[in-house]
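Student: Quick one: the structure is below, and I'll ask about it shortly.
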Amino acid sequence: MDTPSRAARRVSAGPRRGHGPLRIVRAGALTAMPWKNGGGLTREIAAYPVGAGLDTFVWRVSVADVEQTGPFSTFEGVERTLVLLAGSGMRLLENGGLAHALTAPLAVARFDGAAQLEAQLIDGATRDFNLMVRRDRARAALHVWRDSGRHVLEADVALVFCAHGELALRLTGADRRAADVDPAQATLGPMDTLVLDAPRALRCDVKGEGAALAVLLQYL
């Protein structure tokens with residue numbers, strides 16, 4: 001993996017802000033970068049702080065293409081969450097035994113970033129959503145939203161990532177605010193991400209056939 005992309009830096013969010021823009025990071029704005037070990041590609045969506053490296057981020061959200069079986073990089077003090085987006089999936093092995101299996105669409109694996117894991121591909125390359133949070137600086141909750149529904153966003157930073165399909169989002173409530181997209185609604189296609197600073201009791205109505213991953217971050 002490498003340093004954050006320009007697209008991600010434009011939407012990075014800082015701690016405990018009382019206001020901030022609603023933005024959409026489009027899939028086409030993401031830059032693919034090779035992993036250091038050559039085992040795949042990563043596309044950073046957003047991170048904090050702006051410009052942080054892999055040893056200094058508080059949180060990082062990205063999409064990874066895993067192209068070959070091999071060891072995972074380790075991250076001391078980091079909680080990791082992976083979600084299978086495409087492909088037949090993979091098994092995560094620890095000490096030769098099965099630790100996690102990502103074998104169904106939108107399957108979720110949560111684990112300690114310090115764990116010595118090896119990814120074993122089941123049938124070719126996979127694509128995964130990757131959330132990393134430094135546990136002494138922040139907490140994160142990840143929810144899978146399928147098709148239409150109503151949700152409430154309450155966080156220091158919220159991200160809604162469209163995993164597949166097309167979803168129309170309508171935002172209402174006490175914390176609806178002006179932004180560089182329509183403040184009341186937005187449409188997300190595959191791998192588009194809505195990023196919002198400090199939503200408070202913000203209602204998010206989702207319409208469409210697809211799935212989204214909602215990440216709610218709280219700073220410590």
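Starting from 1 in every chain, residues are counted up; chains themselves are A, B, ... following the order of the structure tokens, and ligands are numbered from 1 as listed.
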Can you pull out every residue from region 5-217 of chain A that DSSP, working from the backbone, puts in strand (DSSP E), and format the result as a PyMOL selection string?

Tutor: chain A and resi 22-25+33-34+40-48+59-66+70-71+78-86+90-94+97-102+108-112+117-121+126-134+138-146+149-153+157-173+185-188+193-197+202-217

Student: Which residues are near Phe75 (chain A)? Cut-off 7 Å, only C-alpha atoms, ignore same chain within fewer than 2 positions. Put them as a ChimeraX atom specification.

Tutor: /A:73,77-78,113-114

Student: Would you kindly return, as a list in words, each protein, DNA or RNA residue with an atom no farther than 7 Å from any atom of Gly165 (chain A), considering only C-alpha atoms and excluding same-chain residues fewer than 2 positions away?

Tutor: Leu167, Gly189, Pro190, Glu209, Gly210 and Ala211 of chain A

Student: Any idea what the distance is between CA of Thr42 (chain A) and CA of Gln185 (chain A)?

Tutor: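 Pair CA of Thr42 (chain A) / CA of Gln185 (chain A) returns 28.9 Å.
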
Student: Report as a list in words all protein, DNA and RNA residues lying within 6 Å of Arg127 (chain A), evaluated on only C-alpha atoms, omitting residues in the same chain fewer than 3 positions from it.

Tutor: Ala64, Asp65, Leu85 and Ala86 of chain A

Student: Would you mind listing what lies within 6 Å of region 195-201 of chain A as a list in words, with only C-alpha atoms counted and same-chain residues fewer than 4 positions away left out?

Tutor: Gly20, Leu22, Arg23, Leu153, Glu154, Ala155, Asp156, Val157, Ala158, Leu159 and Asp175 of chain A

Student: Can you tell me how far CA of Leu84 (chain A) sits from CA of Leu117 (chain A), in Å to one decimal?

Tutor: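 Separating CA of Leu84 (chain A) from CA of Leu117 (chain A) is a distance of 16.5 Å.
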
Student: Ranking A:Trp35, A:Phe57, A:Tyr48, A:Phe129 by minimum distance to Thr81 (chain A) and counting only C-alpha atoms, which one comes first?

Tutor: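 Result for the nearest residue to Thr81 (chain A): A:Phe129.
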
Student: Give me every helix (DSSP H, G or I) residue in chain A, going by DSSP on the backbone, as an MDAnalysis selection string.

Tutor: chainID A and resid 6:11 27:29

Student: For those residues, write C-alpha atoms to a file as an mmCIF file, in the first residue's frame.

Tutor:
```cif
data_model
loop_
_atom_site.group_PDB
_atom_site.id
_atom_site.type_symbol
_atom_site.label_atom_id
_atom_site.label_comp_id
_atom_site.auth_asym_id
_atom_site.auth_seq_id
_atom_site.Cartn_x
_atom_site.Cartn_y
_atom_site.Cartn_z
ATOM 1 C CA ARG A 6 -5.479 13.293 -4.052
ATOM 2 C CA ALA A 7 -9.138 12.323 -4.284
ATOM 3 C CA ALA A 8 -9.028 10.961 -0.740
ATOM 4 C CA ARG A 9 -7.258 14.040 0.643
ATOM 5 C CA ARG A 10 -9.997 16.336 -0.602
ATOM 6 C CA VAL A 11 -12.568 14.554 1.536
ATOM 7 C CA ALA A 27 -15.181 5.888 -8.245
ATOM 8 C CA GLY A 28 -13.520 7.448 -11.279
ATOM 9 C CA ALA A 29 -11.517 9.808 -9.050
#
```

Student: Find the spatial neighbours of Thr69 (chain A), counting only C-alpha atoms, within a cut-off of 10 Å - ignore same-chain residues fewer than 4 positions away - and output them as a list in words.

Tutor: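 Surrounding residues, per the criterion: Gly39, Gly40, Met90, Arg91, Leu92, Glu118, Ala119, Gln120, Leu121, Ile122, Gly124 and Ala125 of chain A.
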
Student: What's the 8 Å shell around Leu142 (chain A), counting only C-alpha atoms, without same-chain residues fewer than 6 positions away, as a PDB file with C-alpha atoms, in the first residue's frame?

Tutor:
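Generated file (selection39.pdb):
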```pdb
ATOM      1  CA  LEU A 213     -21.559   0.019   3.536  1.00  0.00           C
ATOM      2  CA  ALA A 214     -22.074   2.681   6.217  1.00  0.00           C
ATOM      3  CA  VAL A 215     -19.070   3.545   8.363  1.00  0.00           C
ATOM      4  CA  LEU A 216     -19.641   5.614  11.539  1.00  0.00           C
TER       5      LEU A 216
END
```

Student: Please report the interatomic distance between CA of Ala140 (chain A) and CA of Thr103 (chain A) in Å with one decimal.

Tutor: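 Interatomic distance, CA of Ala140 (chain A) to CA of Thr103 (chain A): 23.3 Å.
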
Student: Determine the nearest neighbour of Val61 (chain A) from the options A:Val160, A:Leu169, A:Leu131, A:Ala104, counting only C-alpha atoms.

Tutor: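 Checking each of A:Val160, A:Leu169, A:Leu131, A:Ala104 against Val61 (chain A), counting only C-alpha atoms, the winner is A:Leu131.
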